[in-house]
file data34.tsv (TSV, C-alpha atoms and all ligand atoms)
chain	number	residue	atom	x	y	z
K	1	MET	CA	3.92	-59.97	-159.98
K	2	ALA	CA	4.92	-60.04	-163.61
K	3	SER	CA	2.33	-62.65	-164.46
K	4	GLU	CA	-0.90	-60.82	-163.57
K	5	VAL	CA	-2.42	-60.50	-167.01
K	6	TYR	CA	-5.67	-62.39	-166.42
K	7	HIS	CA	-9.00	-61.49	-167.98
K	8	HIS	CA	-11.23	-64.27	-166.67
K	9	CYS	CA	-11.45	-66.04	-163.36
K	10	LYS	CA	-13.58	-68.88	-162.05
K	11	PHE	CA	-12.67	-70.69	-158.88
K	12	GLU	CA	-14.59	-73.47	-157.21
K	13	VAL	CA	-13.69	-75.42	-154.10
K	14	PRO	CA	-15.59	-77.57	-151.62
K	15	GLU	CA	-16.02	-76.63	-147.97
K	16	ILE	CA	-12.52	-77.22	-146.59
K	17	ILE	CA	-11.67	-78.42	-143.08
K	18	PHE	CA	-7.95	-78.72	-142.37
K	19	GLY	CA	-6.12	-79.45	-139.14
K	20	ARG	CA	-4.40	-82.04	-137.03
K	21	GLY	CA	-6.86	-84.16	-135.06
K	22	LEU	CA	-9.88	-83.07	-137.10
K	23	LEU	CA	-10.61	-86.45	-138.68
K	24	ARG	CA	-12.79	-87.02	-135.61
K	25	GLN	CA	-15.26	-84.57	-137.20
K	26	VAL	CA	-16.02	-86.84	-140.14
K	27	GLY	CA	-19.15	-88.21	-138.46
K	28	SER	CA	-20.63	-84.78	-137.82
K	29	CYS	CA	-19.75	-83.75	-141.39
K	30	ALA	CA	-21.61	-86.76	-142.84
K	31	ARG	CA	-24.59	-86.14	-140.54
K	32	ARG	CA	-25.01	-82.50	-141.55
K	33	LEU	CA	-25.03	-83.60	-145.20
K	34	GLY	CA	-28.17	-85.55	-144.33
K	35	GLY	CA	-26.57	-88.96	-143.94
K	36	LYS	CA	-28.09	-91.79	-141.94
K	37	ASN	CA	-26.41	-94.80	-143.59
K	38	ILE	CA	-22.90	-93.89	-144.76
K	39	PHE	CA	-21.02	-95.67	-147.55
K	40	LEU	CA	-17.39	-95.65	-146.38
K	41	VAL	CA	-14.86	-96.26	-149.17
K	42	SER	CA	-11.27	-96.98	-148.21
K	43	ASP	CA	-8.55	-99.55	-148.77
K	44	GLN	CA	-7.18	-102.43	-146.78
K	45	GLY	CA	-3.92	-100.67	-145.86
K	46	LEU	CA	-5.79	-97.97	-143.98
K	47	PHE	CA	-7.81	-100.61	-142.15
K	48	GLU	CA	-4.60	-102.22	-140.93
K	49	ASN	CA	-3.18	-99.00	-139.53
K	50	GLY	CA	-6.32	-98.04	-137.63
K	51	TRP	CA	-7.70	-95.05	-139.56
K	52	VAL	CA	-10.76	-96.91	-140.80
K	53	ASP	CA	-11.66	-97.83	-137.21
K	54	PHE	CA	-11.14	-94.21	-136.22
K	55	VAL	CA	-13.61	-93.06	-138.88
K	56	MET	CA	-16.11	-95.82	-138.04
K	57	LYS	CA	-16.08	-94.67	-134.41
K	58	SER	CA	-16.67	-91.07	-135.47
K	59	LEU	CA	-19.63	-92.17	-137.61
K	60	THR	CA	-21.06	-94.25	-134.76
K	61	ASP	CA	-20.55	-91.42	-132.26
K	62	ALA	CA	-22.55	-89.19	-134.61
K	63	GLY	CA	-25.42	-91.71	-134.49
K	64	LEU	CA	-24.88	-92.97	-138.04
K	65	ARG	CA	-24.91	-96.45	-139.53
K	66	PHE	CA	-22.37	-97.34	-142.18
K	67	VAL	CA	-21.42	-99.81	-144.91
K	68	TYR	CA	-17.70	-100.40	-145.39
K	69	TYR	CA	-16.32	-100.98	-148.90
K	70	ASP	CA	-12.59	-101.73	-149.27
K	71	GLN	CA	-12.35	-103.39	-152.69
K	72	VAL	CA	-10.17	-100.58	-154.05
K	73	THR	CA	-6.67	-100.98	-155.48
K	74	PRO	CA	-4.10	-98.41	-156.67
K	75	ASN	CA	-5.23	-96.89	-159.98
K	76	PRO	CA	-8.88	-97.77	-159.18
K	77	LYS	CA	-10.51	-100.06	-161.74
K	78	ASP	CA	-13.90	-99.84	-163.46
K	79	HIS	CA	-15.06	-103.19	-162.03
K	80	GLU	CA	-14.24	-102.04	-158.47
K	81	ILE	CA	-16.42	-98.98	-159.04
K	82	GLU	CA	-19.26	-101.07	-160.46
K	83	GLN	CA	-19.14	-103.49	-157.51
K	84	GLY	CA	-19.14	-100.57	-155.07
K	85	ALA	CA	-22.14	-98.98	-156.79
K	86	LEU	CA	-24.12	-102.22	-156.54
K	87	GLU	CA	-23.35	-102.42	-152.81
K	88	TYR	CA	-24.27	-98.77	-152.26
K	89	ILE	CA	-27.65	-99.31	-153.92
K	90	SER	CA	-28.39	-102.66	-152.27
K	91	LYS	CA	-27.60	-101.27	-148.80
K	92	ASN	CA	-29.60	-98.05	-149.31
K	93	ALA	CA	-26.65	-95.83	-148.42
K	94	ASP	CA	-27.14	-92.07	-148.61
K	95	VAL	CA	-23.79	-90.26	-148.13
K	96	ILE	CA	-20.32	-91.31	-149.33
K	97	VAL	CA	-17.18	-90.91	-147.23
K	98	GLY	CA	-13.91	-91.57	-149.07
K	99	LEU	CA	-10.84	-92.13	-146.88
K	100	GLY	CA	-7.40	-92.70	-148.35
K	101	GLY	CA	-5.17	-91.62	-151.20
K	102	GLY	CA	-6.25	-90.69	-154.70
K	103	SER	CA	-7.34	-94.24	-155.43
K	104	ALA	CA	-9.88	-94.49	-152.60
K	105	MET	CA	-11.18	-90.98	-153.18
K	106	ASP	CA	-11.46	-91.40	-156.96
K	107	ALA	CA	-13.20	-94.74	-156.40
K	108	ALA	CA	-15.64	-92.96	-154.08
K	109	LYS	CA	-16.30	-90.41	-156.85
K	110	GLY	CA	-16.73	-93.15	-159.45
K	111	ILE	CA	-19.25	-94.97	-157.24
K	112	ALA	CA	-21.10	-91.69	-156.67
K	113	ILE	CA	-21.32	-91.16	-160.44
K	114	LEU	CA	-22.71	-94.62	-161.16
K	115	VAL	CA	-25.31	-94.69	-158.36
K	116	SER	CA	-26.79	-91.39	-159.50
K	117	ASN	CA	-26.30	-91.55	-163.27
K	118	GLY	CA	-26.15	-95.27	-164.15
K	119	GLY	CA	-24.37	-96.69	-167.20
K	120	HIS	CA	-20.67	-97.45	-167.47
K	121	ILE	CA	-18.00	-95.20	-165.96
K	122	ARG	CA	-16.57	-94.85	-169.49
K	123	ASP	CA	-19.69	-92.83	-170.43
K	124	TYR	CA	-18.48	-89.96	-168.26
K	125	ALA	CA	-14.89	-89.62	-169.50
K	126	GLY	CA	-14.11	-86.12	-170.74
K	127	ASN	CA	-15.47	-82.74	-169.78
K	128	ASP	CA	-18.91	-82.17	-168.23
K	129	LYS	CA	-20.66	-85.42	-169.14
K	130	ILE	CA	-22.50	-85.82	-165.82
K	131	TYR	CA	-26.04	-84.45	-165.77
K	132	ARG	CA	-27.57	-85.72	-162.53
K	133	PRO	CA	-26.36	-84.60	-159.08
K	134	LEU	CA	-24.23	-87.02	-157.09
K	135	PRO	CA	-24.89	-88.16	-153.51
K	136	PRO	CA	-23.28	-85.94	-150.85
K	137	MET	CA	-19.58	-86.71	-150.36
K	138	VAL	CA	-16.95	-86.13	-147.69
K	139	LEU	CA	-13.40	-86.90	-148.86
K	140	CYS	CA	-10.54	-87.34	-146.39
K	141	PRO	CA	-7.03	-87.59	-147.88
K	142	THR	CA	-4.44	-89.67	-146.05
K	143	THR	CA	-1.59	-89.02	-148.49
K	144	CYS	CA	0.00	-85.72	-149.47
K	145	GLY	CA	-0.41	-85.28	-153.19
K	146	THR	CA	-3.56	-86.33	-154.93
K	147	GLY	CA	-5.73	-83.25	-154.48
K	148	SER	CA	-8.74	-85.42	-155.28
K	149	ASP	CA	-10.45	-84.16	-152.11
K	150	VAL	CA	-10.86	-80.71	-153.65
K	151	SER	CA	-10.72	-81.43	-157.36
K	152	GLN	CA	-13.24	-81.59	-160.16
K	153	PHE	CA	-11.42	-84.67	-161.55
K	154	ALA	CA	-11.80	-88.41	-161.10
K	155	ILE	CA	-9.38	-90.84	-162.75
K	156	ILE	CA	-10.54	-94.43	-163.23
K	157	ASN	CA	-8.84	-97.29	-165.07
K	158	ASP	CA	-10.75	-98.79	-168.00
K	159	THR	CA	-9.50	-102.36	-167.73
K	160	ASP	CA	-10.78	-103.45	-171.16
K	161	GLU	CA	-8.89	-100.69	-172.98
K	162	ARG	CA	-6.03	-100.55	-170.44
K	163	CYS	CA	-6.35	-96.79	-170.26
K	164	LYS	CA	-7.19	-94.18	-167.66
K	165	LEU	CA	-10.47	-92.37	-167.98
K	166	THR	CA	-10.16	-88.70	-167.07
K	167	ILE	CA	-13.52	-87.47	-165.83
K	168	MET	CA	-13.89	-83.75	-165.30
K	169	SER	CA	-17.04	-82.24	-163.87
K	170	ARG	CA	-18.04	-79.79	-161.16
K	171	CYS	CA	-20.23	-82.65	-159.89
K	172	VAL	CA	-17.28	-84.76	-158.74
K	173	ALA	CA	-15.87	-82.15	-156.36
K	174	PRO	CA	-17.07	-83.31	-152.93
K	175	ASP	CA	-19.24	-81.29	-150.56
K	176	ILE	CA	-16.56	-81.38	-147.87
K	177	SER	CA	-12.78	-81.86	-148.02
K	178	LEU	CA	-11.50	-82.91	-144.60
K	179	THR	CA	-7.70	-83.12	-144.18
K	180	ASP	CA	-6.13	-84.31	-140.96
K	181	PRO	CA	-2.33	-84.21	-141.40
K	182	ASP	CA	-1.95	-86.66	-138.48
K	183	THR	CA	-3.02	-89.40	-140.89
K	184	LEU	CA	0.35	-88.99	-142.65
K	185	SER	CA	2.06	-90.46	-139.56
K	186	THR	CA	1.35	-93.98	-140.81
K	187	LEU	CA	2.08	-93.33	-144.49
K	188	PRO	CA	5.07	-95.45	-145.65
K	189	ASP	CA	8.19	-93.43	-146.56
K	190	GLU	CA	8.01	-94.26	-150.25
K	191	HIS	CA	4.43	-92.96	-150.47
K	192	VAL	CA	5.33	-89.71	-148.71
K	193	GLY	CA	7.81	-89.01	-151.51
K	194	SER	CA	5.73	-90.21	-154.43
K	195	THR	CA	2.53	-88.42	-153.41
K	196	ALA	CA	4.38	-85.19	-152.60
K	197	VAL	CA	5.89	-85.37	-156.11
K	198	ASP	CA	2.35	-85.57	-157.46
K	199	ALA	CA	1.54	-82.35	-155.58
K	200	LEU	CA	4.70	-80.79	-157.01
K	201	SER	CA	3.62	-81.74	-160.54
K	202	HIS	CA	0.11	-80.42	-159.93
K	203	ALA	CA	1.50	-77.09	-158.75
K	204	VAL	CA	3.87	-76.70	-161.71
K	205	GLU	CA	1.38	-77.75	-164.40
K	206	ALA	CA	-1.44	-75.70	-162.85
K	207	TYR	CA	0.82	-72.65	-162.69
K	208	PHE	CA	1.81	-72.99	-166.34
K	209	SER	CA	-1.70	-73.85	-167.56
K	210	VAL	CA	-3.36	-71.54	-170.09
K	211	ALA	CA	-6.42	-71.62	-167.82
K	212	SER	CA	-4.50	-70.37	-164.78
K	213	SER	CA	-5.80	-67.30	-162.97
K	214	THR	CA	-4.77	-65.06	-160.14
K	215	LEU	CA	-6.55	-67.43	-157.73
K	216	THR	CA	-4.96	-70.59	-159.08
K	217	ASP	CA	-1.51	-68.99	-159.24
K	218	VAL	CA	-1.56	-67.91	-155.63
K	219	ASN	CA	-2.35	-71.48	-154.63
K	220	ALA	CA	0.17	-73.07	-157.00
K	221	LEU	CA	2.96	-70.77	-155.79
K	222	ARG	CA	2.04	-71.41	-152.16
K	223	ALA	CA	2.25	-75.16	-152.81
K	224	LEU	CA	5.66	-74.78	-154.43
K	225	ASN	CA	6.89	-72.71	-151.51
K	226	LEU	CA	5.69	-75.22	-148.91
K	227	LEU	CA	7.22	-78.10	-150.87
K	228	SER	CA	10.56	-76.34	-151.27
K	229	ARG	CA	10.70	-75.82	-147.49
K	230	SER	CA	9.48	-79.20	-146.28
K	231	PHE	CA	9.74	-81.85	-149.02
K	232	VAL	CA	13.26	-83.09	-148.26
K	233	ALA	CA	12.98	-82.65	-144.49
K	234	ALA	CA	9.67	-84.51	-144.37
K	235	ILE	CA	11.10	-87.45	-146.26
K	236	LYS	CA	14.27	-87.60	-144.18
K	237	GLU	CA	12.98	-86.79	-140.69
K	238	ARG	CA	9.18	-86.98	-140.85
K	239	LYS	CA	8.76	-84.13	-138.36
K	240	PRO	CA	5.05	-83.35	-137.83
K	241	GLU	CA	5.42	-79.72	-138.93
K	242	ASP	CA	7.02	-80.74	-142.24
K	243	MET	CA	4.45	-83.47	-142.80
K	244	GLU	CA	1.72	-80.91	-142.17
K	245	ASN	CA	3.31	-78.62	-144.76
K	246	LEU	CA	3.13	-81.46	-147.30
K	247	SER	CA	-0.57	-81.89	-146.53
K	248	ARG	CA	-1.08	-78.17	-146.94
K	249	ALA	CA	0.89	-78.16	-150.20
K	250	SER	CA	-1.30	-80.96	-151.52
K	251	LEU	CA	-4.40	-78.94	-150.67
K	252	HIS	CA	-3.11	-75.75	-152.32
K	253	ALA	CA	-1.92	-77.60	-155.41
K	254	GLY	CA	-5.28	-79.39	-155.58
K	255	MET	CA	-7.21	-76.12	-155.48
K	256	ALA	CA	-4.95	-74.76	-158.21
K	257	PHE	CA	-5.17	-77.64	-160.67
K	258	SER	CA	-8.86	-78.30	-160.09
K	259	ASN	CA	-9.53	-74.83	-161.46
K	260	SER	CA	-6.77	-74.36	-164.02
K	261	LEU	CA	-6.36	-78.00	-165.11
K	262	LEU	CA	-2.95	-79.44	-165.91
K	263	GLY	CA	-0.64	-79.94	-168.88
K	264	VAL	CA	1.44	-82.39	-170.85
K	265	GLY	CA	2.91	-84.08	-167.76
K	266	HIS	CA	-0.43	-85.44	-166.63
K	267	ALA	CA	-1.59	-85.98	-170.20
K	268	LEU	CA	1.34	-88.41	-170.51
K	269	ALA	CA	1.08	-89.83	-166.98
K	270	HIS	CA	-2.51	-90.96	-167.54
K	271	PRO	CA	-1.88	-93.41	-170.43
K	272	ILE	CA	1.28	-94.69	-168.74
K	273	GLY	CA	-0.72	-95.41	-165.58
K	274	GLY	CA	-3.41	-97.10	-167.66
K	275	LEU	CA	-1.02	-99.34	-169.58
K	276	TYR	CA	1.28	-100.33	-166.73
K	277	ASP	CA	-0.67	-99.78	-163.49
K	278	ALA	CA	2.38	-97.69	-162.52
K	279	ASN	CA	2.68	-95.50	-159.44
K	280	HIS	CA	1.33	-92.09	-160.49
K	281	GLY	CA	3.81	-90.07	-158.42
K	282	ASN	CA	6.78	-92.00	-159.79
K	283	VAL	CA	5.63	-91.42	-163.37
K	284	ASN	CA	5.29	-87.70	-162.64
K	285	ALA	CA	8.73	-87.63	-161.07
K	286	VAL	CA	10.30	-88.94	-164.27
K	287	LEU	CA	8.35	-86.60	-166.52
K	288	LEU	CA	8.53	-83.38	-164.50
K	289	PRO	CA	12.04	-82.17	-165.45
K	290	GLU	CA	11.19	-82.69	-169.14
K	291	VAL	CA	7.85	-80.92	-168.69
K	292	LEU	CA	9.70	-77.91	-167.25
K	293	ARG	CA	12.16	-77.85	-170.14
K	294	PHE	CA	9.30	-78.22	-172.63
K	295	ASP	CA	7.16	-75.43	-171.16
K	296	PHE	CA	9.81	-72.89	-170.13
K	297	PRO	CA	10.06	-71.18	-173.54
K	298	VAL	CA	6.36	-70.19	-173.47
K	299	VAL	CA	5.89	-69.27	-169.79
K	300	LYS	CA	8.79	-66.87	-169.39
K	301	PRO	CA	6.82	-64.08	-167.61
K	302	LYS	CA	5.92	-66.53	-164.83
K	303	ILE	CA	9.27	-68.12	-164.11
K	304	GLN	CA	10.77	-65.51	-161.81
K	305	ASP	CA	7.84	-65.77	-159.38
K	306	MET	CA	8.21	-69.53	-159.55
K	307	ALA	CA	11.91	-69.35	-158.72
K	308	VAL	CA	11.18	-67.16	-155.72
K	309	ALA	CA	8.42	-69.50	-154.50
K	310	LEU	CA	10.83	-72.41	-154.78
K	311	GLY	CA	13.24	-70.57	-152.50
K	312	SER	CA	15.83	-70.20	-155.21
K	313	ARG	CA	18.16	-67.26	-155.14
K	314	TRP	CA	16.66	-64.16	-156.68
K	315	SER	CA	17.55	-63.88	-160.32
K	316	ASP	CA	16.92	-60.77	-162.39
K	317	ASP	CA	17.11	-62.60	-165.67
K	318	GLU	CA	14.72	-65.22	-166.99
K	319	ALA	CA	17.44	-67.69	-167.92
K	320	GLY	CA	18.76	-67.63	-164.36
K	321	ALA	CA	15.27	-68.15	-162.96
K	322	GLU	CA	14.73	-71.13	-165.28
K	323	GLU	CA	18.01	-72.64	-164.26
K	324	THR	CA	17.45	-72.27	-160.52
K	325	SER	CA	13.84	-73.53	-160.75
K	326	LEU	CA	14.87	-76.62	-162.67
K	327	GLU	CA	17.80	-77.24	-160.37
K	328	THR	CA	15.61	-76.96	-157.25
K	329	VAL	CA	12.99	-79.34	-158.65
K	330	VAL	CA	15.59	-81.90	-159.75
K	331	ASN	CA	17.31	-81.70	-156.34
K	332	MET	CA	13.99	-82.32	-154.61
K	333	LEU	CA	13.29	-85.33	-156.81
K	334	GLU	CA	16.76	-86.78	-156.25
K	335	SER	CA	16.62	-86.19	-152.49
K	336	GLY	CA	13.30	-88.00	-152.40
K	337	GLY	CA	14.80	-91.00	-154.17
K	338	ALA	CA	12.49	-90.58	-157.14
K	339	PRO	CA	13.07	-92.75	-160.22
K	340	SER	CA	14.65	-90.94	-163.15
K	341	SER	CA	13.64	-92.88	-166.25
K	342	LEU	CA	10.51	-94.38	-167.76
K	343	ARG	CA	12.54	-97.49	-168.54
K	344	SER	CA	13.12	-98.05	-164.80
K	345	LEU	CA	9.32	-98.01	-164.30
K	346	GLY	CA	8.91	-100.88	-166.76
K	347	VAL	CA	7.68	-98.79	-169.69
K	348	GLN	CA	8.37	-100.58	-172.98
K	349	SER	CA	9.96	-98.53	-175.77
K	350	ASP	CA	7.52	-100.16	-178.24
K	351	ASP	CA	4.64	-98.47	-176.40
K	352	LEU	CA	5.94	-94.89	-176.57
K	353	GLU	CA	4.02	-94.09	-179.78
K	354	LEU	CA	0.79	-95.46	-178.34
K	355	ILE	CA	1.34	-93.43	-175.15
K	356	ALA	CA	1.89	-90.27	-177.21
K	357	GLN	CA	-1.28	-90.94	-179.25
K	358	ARG	CA	-3.38	-91.44	-176.14
K	359	ALA	CA	-1.82	-88.48	-174.34
K	360	PHE	CA	-2.72	-86.22	-177.26
K	361	LYS	CA	-6.39	-87.11	-176.68
K	362	ASP	CA	-6.21	-86.50	-172.91
K	363	ILE	CA	-8.12	-83.49	-171.63
K	364	CYS	CA	-4.94	-82.13	-169.97
K	365	VAL	CA	-3.43	-81.34	-173.38
K	366	LEU	CA	-6.08	-78.66	-173.84
K	367	THR	CA	-4.53	-76.46	-171.15
K	368	SER	CA	-0.90	-77.05	-172.05
K	369	PRO	CA	0.74	-73.62	-172.36
K	370	ARG	CA	2.65	-74.81	-175.39
K	371	GLU	CA	0.80	-75.96	-178.45
K	372	THR	CA	1.67	-79.57	-178.90
K	373	ASP	CA	1.15	-82.52	-181.20
K	374	GLU	CA	1.84	-86.24	-181.01
K	375	SER	CA	5.38	-85.89	-182.25
K	376	ASP	CA	6.20	-83.32	-179.51
K	377	LEU	CA	4.81	-85.72	-176.93
K	378	LEU	CA	6.80	-88.60	-178.38
K	379	THR	CA	9.99	-86.52	-178.26
K	380	LEU	CA	9.32	-85.67	-174.62
K	381	LEU	CA	8.73	-89.35	-173.83
K	382	LYS	CA	11.98	-90.34	-175.47
K	383	LYS	CA	13.90	-87.77	-173.43
K	384	ALA	CA	12.35	-89.19	-170.24
K	385	TYR	CA	12.95	-92.78	-171.30
K	401	FE	FE	-1.58	-86.18	-160.34
call {"tool": "encode", "arguments": {"input": "data34.tsv", "output": "structure tokens"}}
result
Amino acid sequence: MASEVYHHCKFEVPEIIFGRGLLRQVGSCARRLGGKNIFLVSDQGLFENGWVDFVMKSLTDAGLRFVYYDQVTPNPKDHEIEQGALEYISKNADVIVGLGGGSAMDAAKGIAILVSNGGHIRDYAGNDKIYRPLPPMVLCPTTCGTGSDVSQFAIINDTDERCKLTIMSRCVAPDISLTDPDTLSTLPDEHVGSTAVDALSHAVEAYFSVASSTLTDVNALRALNLLSRSFVAAIKERKPEDMENLSRASLHAGMAFSNSLLGVGHALAHPIGGLYDANHGNVNAVLLPEVLRFDFPVVKPKIQDMAVALGSRWSDDEAGAEETSLETVVNMLESGGAPSSLRSLGVQSDDLELIAQRAFKDICVLTSPRETDESDLLTLLKKAY
């Protein structure tokens, strides 16, 4: 591999359990973490399609009591976290189980932060601001993109400032990540595409990150390969083997970005999500082609491996590898019906400067492979507009 020029390497992941049908183990997982009264965080959609009942039964079968908290919305809000923390404390819960997409799992993390550290969730935005250990956590993803179940990130909306708080700490990685790809069977078509695009963005930005390592690259490239094979087929036909590949891609991309962080795509996606409560995957879909074009000039030694992982034809020259990589990604986005402009997501042109200012302060800018300033970010936004 042309890109193996690493000097440092640090790689942290939770205990990982992955396999179809394994959600039934959630009760035994919570019990061996010492739980007796479990705080189950999920959302109402998952209750309606039966997965919450499935988890409740597993907890009961394991001899555990539980408290169910479902006041979680997409782009989880600070007040939802605060309310959940009050309930956790008042009910004397001892282990947190998060079941759902990134919103439910990030809400679970936010609640875990507040019950153990107090204060306002805003106090923990940034890198390594959490000093007391969190309650034990089991996180069970039911979408195929967030990576929150393995990551050292939690993203919470600050509703006063209308911005996303990016919290990064080893503490917010759960004790156990439990993925059962069967849960994707009830995921609506539009969420299959949008969450898989999130995984695609994680893999690309993690691979390009200045903090990438041999261990993050192998996971990022594996995610890209799985997505290139199964993304379109999963969206069109929803065959179990393709859906499982999306779950696996999400896991690999999550392990990659949790350890290498991300880049300008997510730095921009965070303020857009905060201002507009927009779907995170759709925002990434619009930004990703521009992120590739922006980063390509400074990641040239890595692009040929990327092109191969994406299943593109082998190209001996860097320009050819760039072209085929970009083409493959754009084809995937188009096949998935992804939106192609920020305007179509409701972003106002008057807000682009504010978005660029906020993005420049986001922690993800620190690992961008290309040195950037607010005017670069504004230019990128305008191209995606
Ligand atoms: Fe993301």
call {"tool": "closest_residue", "arguments": {"input": "data34.tsv", "among": "K:Asn49, K:Ala359, K:Asp189, K:Leu366", "to": "Lys236 (chain K)", "atoms": "all atoms listed in the file"}}
result
K:Asp189
call {"tool": "closest_residue", "arguments": {"input": "data34.tsv", "among": "K:Val365, K:Leu221, K:Leu378, K:Val197", "to": "ligand FE 401 (chain K)", "atoms": "all atoms listed in the file"}}
result
K:Val197
call {"tool": "residues_around", "arguments": {"input": "data34.tsv", "residues": "Leu262 (chain K)", "least_positions_apart": "6", "cutoff": "6 Å", "atoms": "all atoms listed in the file", "output": "VMD selection string"}}
result
chain K and resid 205 to 206 209 364
call {"tool": "closest_residue", "arguments": {"input": "data34.tsv", "among": "K:Met243, K:Ala321, K:Ala203, K:Leu178", "to": "ligand FE 401 (chain K)", "atoms": "all atoms listed in the file"}}
result
K:Ala203
call {"tool": "atom_distance", "arguments": {"input": "data34.tsv", "atom1": "CA of Leu46 (chain K)", "atom2": "CA of Glu190 (chain K)"}}
result
15.6 Å
call {"tool": "residues_around", "arguments": {"input": "data34.tsv", "residues": "Thr166 (chain K)", "least_positions_apart": "6", "cutoff": "6 Å", "atoms": "only C-alpha atoms", "output": "number ranges by chain"}}
result
K: 125-126, 155
call {"tool": "write_last_selection", "arguments": {"input": "data34.tsv", "atoms": "C-alpha atoms", "output": "PDB file, in the frame of the given file"}}
result
ATOM      1  CA  ALA K 125     -14.890 -89.620-169.500  1.00  0.00           C
ATOM      2  CA  GLY K 126     -14.110 -86.120-170.740  1.00  0.00           C
ATOM      3  CA  ILE K 155      -9.380 -90.840-162.750  1.00  0.00           C
TER       4      ILE K 155
END
call {"tool": "closest_residue", "arguments": {"input": "data34.tsv", "among": "K:Gln83, K:Lys383, K:Ala309, K:Leu139", "to": "Ser349 (chain K)", "atoms": "all atoms listed in the file"}}
result
K:Lys383
call {"tool": "closest_residue", "arguments": {"input": "data34.tsv", "among": "K:Glu80, K:Glu12, K:Asp123, K:Asp175", "to": "Asn157 (chain K)", "atoms": "all atoms listed in the file"}}
result
K:Glu80
call {"tool": "closest_atom_pairs", "arguments": {"input": "data34.tsv", "of": "chain K", "to": "ligand FE 401 (chain K)", "cutoff": "10 Å", "atoms": "only C-alpha atoms and all ligand atoms", "output": "Markdown table"}}
result
| residue | atom | partner | partner_atom | distance |
| --- | --- | --- | --- | --- |
| K:Gly102 | CA | K:FE401 | FE | 8.6 |
| K:Gly145 | CA | K:FE401 | FE | 7.3 |
| K:Thr146 | CA | K:FE401 | FE | 5.8 |
| K:Gly147 | CA | K:FE401 | FE | 7.8 |
| K:Ser148 | CA | K:FE401 | FE | 8.8 |
| K:Ile155 | CA | K:FE401 | FE | 9.4 |
| K:Thr195 | CA | K:FE401 | FE | 8.4 |
| K:Ala196 | CA | K:FE401 | FE | 9.8 |
| K:Val197 | CA | K:FE401 | FE | 8.6 |
| K:Asp198 | CA | K:FE401 | FE | 4.9 |
| K:Ala199 | CA | K:FE401 | FE | 6.9 |
| K:Leu200 | CA | K:FE401 | FE | 8.9 |
| K:Ser201 | CA | K:FE401 | FE | 6.8 |
| K:His202 | CA | K:FE401 | FE | 6.0 |
| K:Ala203 | CA | K:FE401 | FE | 9.7 |
| K:Glu205 | CA | K:FE401 | FE | 9.8 |
| K:Ala253 | CA | K:FE401 | FE | 9.9 |
| K:Gly254 | CA | K:FE401 | FE | 9.1 |
| K:Phe257 | CA | K:FE401 | FE | 9.3 |
| K:Leu262 | CA | K:FE401 | FE | 8.9 |
| K:Gly265 | CA | K:FE401 | FE | 8.9 |
| K:His266 | CA | K:FE401 | FE | 6.4 |
| K:Ala267 | CA | K:FE401 | FE | 9.9 |
| K:Ala269 | CA | K:FE401 | FE | 8.0 |
| K:His270 | CA | K:FE401 | FE | 8.7 |
| K:His280 | CA | K:FE401 | FE | 6.6 |
| K:Gly281 | CA | K:FE401 | FE | 6.9 |
| K:Val283 | CA | K:FE401 | FE | 9.4 |
| K:Asn284 | CA | K:FE401 | FE | 7.4 |
call {"tool": "atom_distance", "arguments": {"input": "data34.tsv", "atom1": "CA of Asp149 (chain K)", "atom2": "CA of Ile355 (chain K)"}}
result
27.5 Å
call {"tool": "closest_residue", "arguments": {"input": "data34.tsv", "among": "K:Pro188, K:Asp242, K:Gly118, K:Asn259", "to": "Thr216 (chain K)", "atoms": "all atoms listed in the file"}}
result
K:Asn259
call {"tool": "atom_distance", "arguments": {"input": "data34.tsv", "atom1": "CA of Ala154 (chain K)", "atom2": "CA of Ala93 (chain K)"}}
result
20.9 Å
call {"tool": "axis_aligned_box", "arguments": {"input": "data34.tsv", "around": "region 196-203 of chain K", "padding_each_side": "5 Å", "output": "lines of an AutoDock Vina configuration file"}}
result
center_x = 3.0
center_y = -81.3
center_z = -156.6
size_x = 15.8
size_y = 18.5
size_z = 17.9
call {"tool": "residues_around", "arguments": {"input": "data34.tsv", "residues": "Ser90 (chain K)", "least_positions_apart": "5", "cutoff": "12 Å", "atoms": "only C-alpha atoms", "output": "ChimeraX atom specification"}}
result
/K:37,39,67,83-85,115
call {"tool": "residues_around", "arguments": {"input": "data34.tsv", "residues": "Ile303 (chain K)", "least_positions_apart": "2", "cutoff": "9 Å", "atoms": "all atoms listed in the file", "output": "list in words"}}
result
Ser3, Phe296, Val299, Lys300, Pro301, Asp305, Met306, Ala307, Val308, Glu318, Ala321, Glu322 and Ser325 of chain K
call {"tool": "write_last_selection", "arguments": {"input": "data34.tsv", "atoms": "C-alpha atoms", "output": "compact mmCIF listing (two decimals), in the coordinates of the input"}}
result
# COMPACT_ATOMS: atom_id res chain seq x y z
CA SER K 3 2.33 -62.65 -164.46
CA PHE K 296 9.81 -72.89 -170.13
CA VAL K 299 5.89 -69.27 -169.79
CA LYS K 300 8.79 -66.87 -169.39
CA PRO K 301 6.82 -64.08 -167.61
CA ASP K 305 7.84 -65.77 -159.38
CA MET K 306 8.21 -69.53 -159.55
CA ALA K 307 11.91 -69.35 -158.72
CA VAL K 308 11.18 -67.16 -155.72
CA GLU K 318 14.72 -65.22 -166.99
CA ALA K 321 15.27 -68.15 -162.96
CA GLU K 322 14.73 -71.13 -165.28
CA SER K 325 13.84 -73.53 -160.75
call {"tool": "residues_near_point", "arguments": {"input": "data34.tsv", "point": "(12.2, -82.7, -163.0)", "cutoff": "10 Å", "atoms": "all atoms listed in the file", "output": "number ranges by chain"}}
result
K: 197, 200-201, 284-293, 325-334, 338, 340, 384
